[in-house]
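Before any comments, here is the structure.
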Protein chains: 2
Amino acid sequence: MDLSQLTDRINTALAPLQYGEQPTALYEPIRYIMALGGKRIRPLLTLLGAHIFTDELEPALKPALATEVFHNFTLLHDDLMDQAPLRRGQATVHEKWNPNVAILSGDVMLVRAYELFLDVPTELLPHVLRRFSQTAAEVCEGQQWDMNFETETEVSIAQYLDMIRLKTAVLLGFALELGALLGGASRQDADHLRQFGVGIGVAFQLRDDLLDVYGDAATFGKRVGGDILSDKKTYLLLTAQAQASESQRITLLQHIGQPVADAEAKVQAVRTIYDELEIRPQTEALINDYFLDALQHLERVAAPETRKKPLRHLAMQLMEREQ
Amino acid sequence: MDLSQLTDRINTALAPLQYGEQPTALYEPIRYIMALGGKRIRPLLTLLGAHIFTDELEPALKPALATEVFHNFTLLHDDLMDQAPLRRGQATVHEKWNPNVAILSGDVMLVRAYELFLDVPTELLPHVLRRFSQTAAEVCEGQQWDMNFETETEVSIAQYLDMIRLKTAVLLGFALELGALLGGASRQDADHLRQFGVGIGVAFQLRDDLLDVYGDAATFGKRVGGDILSDKKTYLLLTAQAQASESQRITLLQHIGQPVADAEAKVQAVRTIYDELEIRPQTEALINDYFLDALQHLERVAAPETRKKPLRHLAMQLMEREQ
């Protein structure tokens, strides 16, 4: 199981997918966003989940693509809602076309994602679609919480962790569960893999929060300190606010939610408080908790250790990434 | 088969549907739009389609609701794209909440529509979902064409008829096909019912165009002449443009696509040209063509005449409506 070979296989299967032709304003944006690339982690997880139980990956391929199409649908609509100008360095769909095109081509992507599941063996189909639908609704819930948090003054750490679980982690969990089910796993093993995926997903997102502040500008894909500059209520900021002394609290209030006079100074001031409060080691400890908990679920899956290795390898890669 | 009893049964089944609870900004708009009412024509068609083949309507009820939830999802997103302030006399979701809420709660409605199909007997499920997905994509195509036509100068009558077929008629056709399949019909009979529904749907939409110009202001739900005032490229206008004499063409150009100085005068001037060109009887003839063609498909369905009566009765009602 070579991960880059598997990614090639996914991209080779994605490329010829037909979404529709006319009107072009409906279908061209779908081809555009799908061609922007990305690491294809969700279909990769589905194939690795299946591979634990079978060598026959072909039947899992199309459903694996469904998770990628769905993921890109969420990016398309989220970018519109967040008014993001760029996605993977290219213009977002609502910028390149217009908001209405982004709404409607997104809607069709969701339909096409469902269609890609329809080759799942009939006896599995109701369960797979029920689990997918629940996951899809949860991803929307996560996005709504995320938008709510922008204007709410009181967000608890528990609420934040639940938001990233819904917005990011449950889809990673579902991608693995789907692969397991298609590979012939028991419901119990499929659920362990789901929980493994959810844990990895939360850890992955927390690591993203950490890299935003402590990442290497040269290797991290985004501008370091971007979350601080946009007052994003990350785990780091919420923890700092909860643990701040009176004077630190005043410093935070001077910077968070205020017009930015000097970007460098703002990032530096907030990072200094993070350092004083040891937010970095605290975040790393939480990431480690989620990671170890996730690995325990992988342990419990009834399959030989050698079959689990590629998946553990991918999880490690995701955790150690610097970008 | 009493139609108003059947509508009550649909509304009784719709009322307790659970879409989700938290966050409320995601789920409250769904309850809101579903409670705005409407004639519930699509689930009615599903139940009447099933009733041709079986007395056991219970298994068709939940899938019937799926078509209504899907229809309301399209209204929610279309109202946002069209920037419509009102829906059934009440504020639209994007007005009452905001555009992002309309996007995201619409997305969840599409997911919930798919979920409502999952109780369909497993052996029918892949076919039903393939047909539904194709229909859903076509409805989006229709909406995209409709938006395209607003800015296109050259729209043919054939293009217009295809647009209303996609945007409105195919879902009515699918609702009937779904009922037939759930009632145990052959694929052939289900397809005849689908074609019956598509024909009725196009005829229904053409009648809507006609009522906008020639309807009774007291009974027609909308402002008479609204399509003329908004320069909407309806069958009436496109036909008039195609058949206009040189002087009529000049008069049309003075009114269509120009700032409106006197609304009454504009409606009157365009209607005079319609009268001169006998657009009304031409439209009525086309409606009749679609209606008779639809009825022939109903004839071909292999079921006793008495079983088809309620459906024919509903189709007649839809055709004769003054609002």
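Every chain in the structure tokens has a letter given in the order shown (A, B, ...), and although residue numbers restart at 1 in each chain, ligands are simply numbered from 1 in the order shown.
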Going by DSSP on the backbone, which residues of segment 100-274 of chain B come out as alpha helix (DSSP H)? List them as a short mmCIF file (atom, residue, chain, number, x, y, z; two decimals) with C-alpha atoms, in the first residue's frame.
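This is the output file out.cif:
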```cif
data_model
loop_
_atom_site.label_atom_id
_atom_site.label_comp_id
_atom_site.auth_asym_id
_atom_site.auth_seq_id
_atom_site.Cartn_x
_atom_site.Cartn_y
_atom_site.Cartn_z
CA ASN B 100 -25.72 32.38 4.71
CA VAL B 101 -28.47 30.84 6.80
CA ALA B 102 -30.50 30.34 3.62
CA ILE B 103 -27.59 28.59 1.88
CA LEU B 104 -26.79 26.25 4.76
CA SER B 105 -30.30 25.38 5.90
CA GLY B 106 -31.14 24.69 2.26
CA ASP B 107 -28.18 22.32 2.05
CA VAL B 108 -29.44 20.39 5.07
CA MET B 109 -32.93 20.21 3.54
CA LEU B 110 -31.48 18.46 0.50
CA VAL B 111 -29.77 15.98 2.83
CA ARG B 112 -33.03 15.43 4.74
CA ALA B 113 -34.91 14.87 1.46
CA TYR B 114 -32.51 12.05 0.61
CA GLU B 115 -32.92 10.60 4.10
CA LEU B 116 -36.70 10.43 3.69
CA LEU B 125 -33.81 2.02 -3.49
CA PRO B 126 -30.93 2.29 -6.01
CA HIS B 127 -33.35 2.88 -8.90
CA VAL B 128 -35.47 5.37 -6.95
CA LEU B 129 -32.41 7.35 -5.83
CA ARG B 130 -30.88 7.31 -9.30
CA ARG B 131 -34.11 8.68 -10.76
CA PHE B 132 -34.43 11.23 -7.94
CA SER B 133 -30.82 12.38 -8.35
CA GLN B 134 -31.25 12.79 -12.09
CA THR B 135 -34.42 14.78 -11.48
CA ALA B 136 -32.77 16.94 -8.82
CA ALA B 137 -29.89 17.79 -11.16
CA GLU B 138 -32.37 18.64 -13.92
CA VAL B 139 -34.28 21.00 -11.59
CA CYS B 140 -30.97 22.80 -10.92
CA GLU B 141 -30.30 22.92 -14.66
CA GLY B 142 -33.73 24.50 -15.18
CA GLN B 143 -33.01 27.16 -12.56
CA GLN B 144 -29.63 27.92 -14.16
CA TRP B 145 -31.21 28.28 -17.62
CA ASP B 146 -33.88 30.54 -16.11
CA MET B 147 -31.17 32.78 -14.62
CA ASN B 148 -29.18 32.69 -17.88
CA PHE B 149 -32.24 33.79 -19.86
CA GLU B 150 -32.53 36.98 -17.80
CA THR B 151 -29.42 38.37 -19.45
CA ILE B 157 -39.26 29.15 -27.75
CA ALA B 158 -37.81 25.64 -27.72
CA GLN B 159 -35.23 26.73 -25.13
CA TYR B 160 -37.94 28.28 -23.01
CA LEU B 161 -40.11 25.16 -23.12
CA ASP B 162 -37.11 23.06 -22.17
CA MET B 163 -36.34 25.37 -19.26
CA ILE B 164 -39.84 25.06 -17.74
CA VAL B 170 -39.66 16.88 -14.28
CA LEU B 171 -40.24 16.93 -10.52
CA LEU B 172 -43.98 16.49 -10.99
CA GLY B 173 -43.18 13.61 -13.34
CA PHE B 174 -40.80 12.06 -10.81
CA ALA B 175 -43.34 12.39 -7.99
CA LEU B 176 -45.79 10.29 -10.02
CA GLU B 177 -43.15 7.80 -11.15
CA LEU B 178 -42.09 7.36 -7.53
CA GLY B 179 -45.64 6.63 -6.45
CA ALA B 180 -46.07 4.13 -9.26
CA LEU B 181 -42.85 2.30 -8.39
CA LEU B 182 -43.81 2.15 -4.70
CA GLY B 183 -47.27 0.91 -5.63
CA ARG B 187 -41.09 0.25 -15.06
CA GLN B 188 -43.08 0.87 -18.24
CA ASP B 189 -46.20 2.03 -16.41
CA ALA B 190 -44.09 4.12 -14.04
CA ASP B 191 -42.54 5.80 -17.06
CA HIS B 192 -45.94 6.52 -18.61
CA LEU B 193 -46.98 8.18 -15.38
CA ARG B 194 -43.74 10.14 -15.36
CA GLN B 195 -44.45 11.41 -18.86
CA PHE B 196 -48.02 12.22 -17.87
CA GLY B 197 -46.64 14.31 -14.99
CA VAL B 198 -44.07 16.09 -17.17
CA GLY B 199 -46.76 17.01 -19.72
CA ILE B 200 -49.11 18.27 -17.04
CA GLY B 201 -46.22 20.21 -15.53
CA VAL B 202 -45.34 22.05 -18.74
CA ALA B 203 -49.04 22.76 -19.39
CA PHE B 204 -49.41 24.01 -15.80
CA GLN B 205 -46.47 26.40 -16.18
CA LEU B 206 -47.76 27.72 -19.53
CA ARG B 207 -51.12 28.32 -17.88
CA ASP B 208 -49.26 30.26 -15.18
CA ASP B 209 -47.71 32.46 -17.89
CA LEU B 210 -51.17 33.00 -19.37
CA LEU B 211 -52.84 33.83 -16.05
CA ASP B 212 -50.15 36.41 -15.38
CA VAL B 213 -51.48 38.40 -18.34
CA TYR B 214 -55.11 37.34 -18.62
CA GLY B 226 -46.02 41.08 -13.25
CA ASP B 227 -44.18 39.08 -15.93
CA ILE B 228 -44.62 41.92 -18.44
CA LEU B 229 -43.36 44.51 -15.98
CA TYR B 235 -43.87 31.80 -23.85
CA LEU B 236 -46.22 34.72 -24.56
CA LEU B 237 -43.48 37.29 -25.00
CA LEU B 238 -41.15 35.03 -26.98
CA THR B 239 -44.00 34.09 -29.33
CA ALA B 240 -45.01 37.72 -29.75
CA GLN B 241 -41.41 38.70 -30.51
CA ALA B 242 -41.17 35.93 -33.09
CA GLN B 243 -44.42 36.88 -34.83
CA GLU B 246 -42.17 45.71 -37.93
CA SER B 247 -44.32 48.26 -36.08
CA GLN B 248 -45.19 45.81 -33.30
CA ARG B 249 -41.52 44.95 -32.96
CA ILE B 250 -40.72 48.64 -32.49
CA THR B 251 -43.45 49.01 -29.86
CA LEU B 252 -42.12 45.96 -28.00
CA LEU B 253 -38.59 47.38 -28.10
CA GLN B 254 -39.89 50.62 -26.59
CA HIS B 255 -41.23 48.72 -23.59
CA ALA B 263 -46.56 50.47 -15.33
CA GLU B 264 -50.19 50.38 -16.45
CA ALA B 265 -49.27 51.75 -19.86
CA LYS B 266 -46.54 49.15 -20.32
CA VAL B 267 -48.82 46.23 -19.42
CA GLN B 268 -51.54 47.64 -21.67
CA ALA B 269 -49.23 48.19 -24.65
CA VAL B 270 -47.74 44.68 -24.49
CA ARG B 271 -51.15 43.10 -23.94
CA THR B 272 -52.51 44.93 -26.98
CA ILE B 273 -49.80 43.35 -29.12
CA TYR B 274 -50.56 39.95 -27.59
#
```
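Nearest to Met319 of chain B of all the residues B:Ala244, B:Ile287, B:Leu295, B:Ile30 is B:Ile287, based on only C-alpha atoms.
Between chain A and the residues B:Lys233, B:Arg9, B:His77, B:His51, the shortest atom-to-atom distance, using only C-alpha atoms, involves B:His77.
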Please extract the residues of segment 61-306 of chain B with a backbone DSSP assignment of strand (DSSP E or B) and present them as a list in words.
Leu86, Arg87, Gln90 and Ala91 of chain B
Just give me the gap between atom CA of Arg312 of chain B and atom CA of Ile10 of chain B in Å, one decimal is fine.
19.4 Å
Go through A:Asp82, A:Glu320, A:Glu284, A:Glu278 and flag the residue nearest chain B, using only C-alpha atoms for the distances.
A:Asp82
Let me make sure I understand: among B:Pro99, B:Pro16, B:Pro59, B:Pro29, which one has the smallest atom-to-atom distance to chain A if we use only C-alpha atoms?
B:Pro99
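Between atom CA of Met1 of chain A and atom CA of Arg88 of chain A lies a distance of 27.4 Å.
Straight-line separation from atom CA of Thr74 of chain B to atom CA of Ala217 of chain B: 27.0 Å.
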Return the single residue from A:Thr46, A:Gln83, A:Asn11, A:Thr283 that is closest to chain B, with distances computed using only C-alpha atoms.
A:Gln83
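The smallest atom-to-atom distance between chain B and any of A:Met34, A:Ala64, A:Leu6, A:Met81, using only C-alpha atoms, is found for A:Met81.
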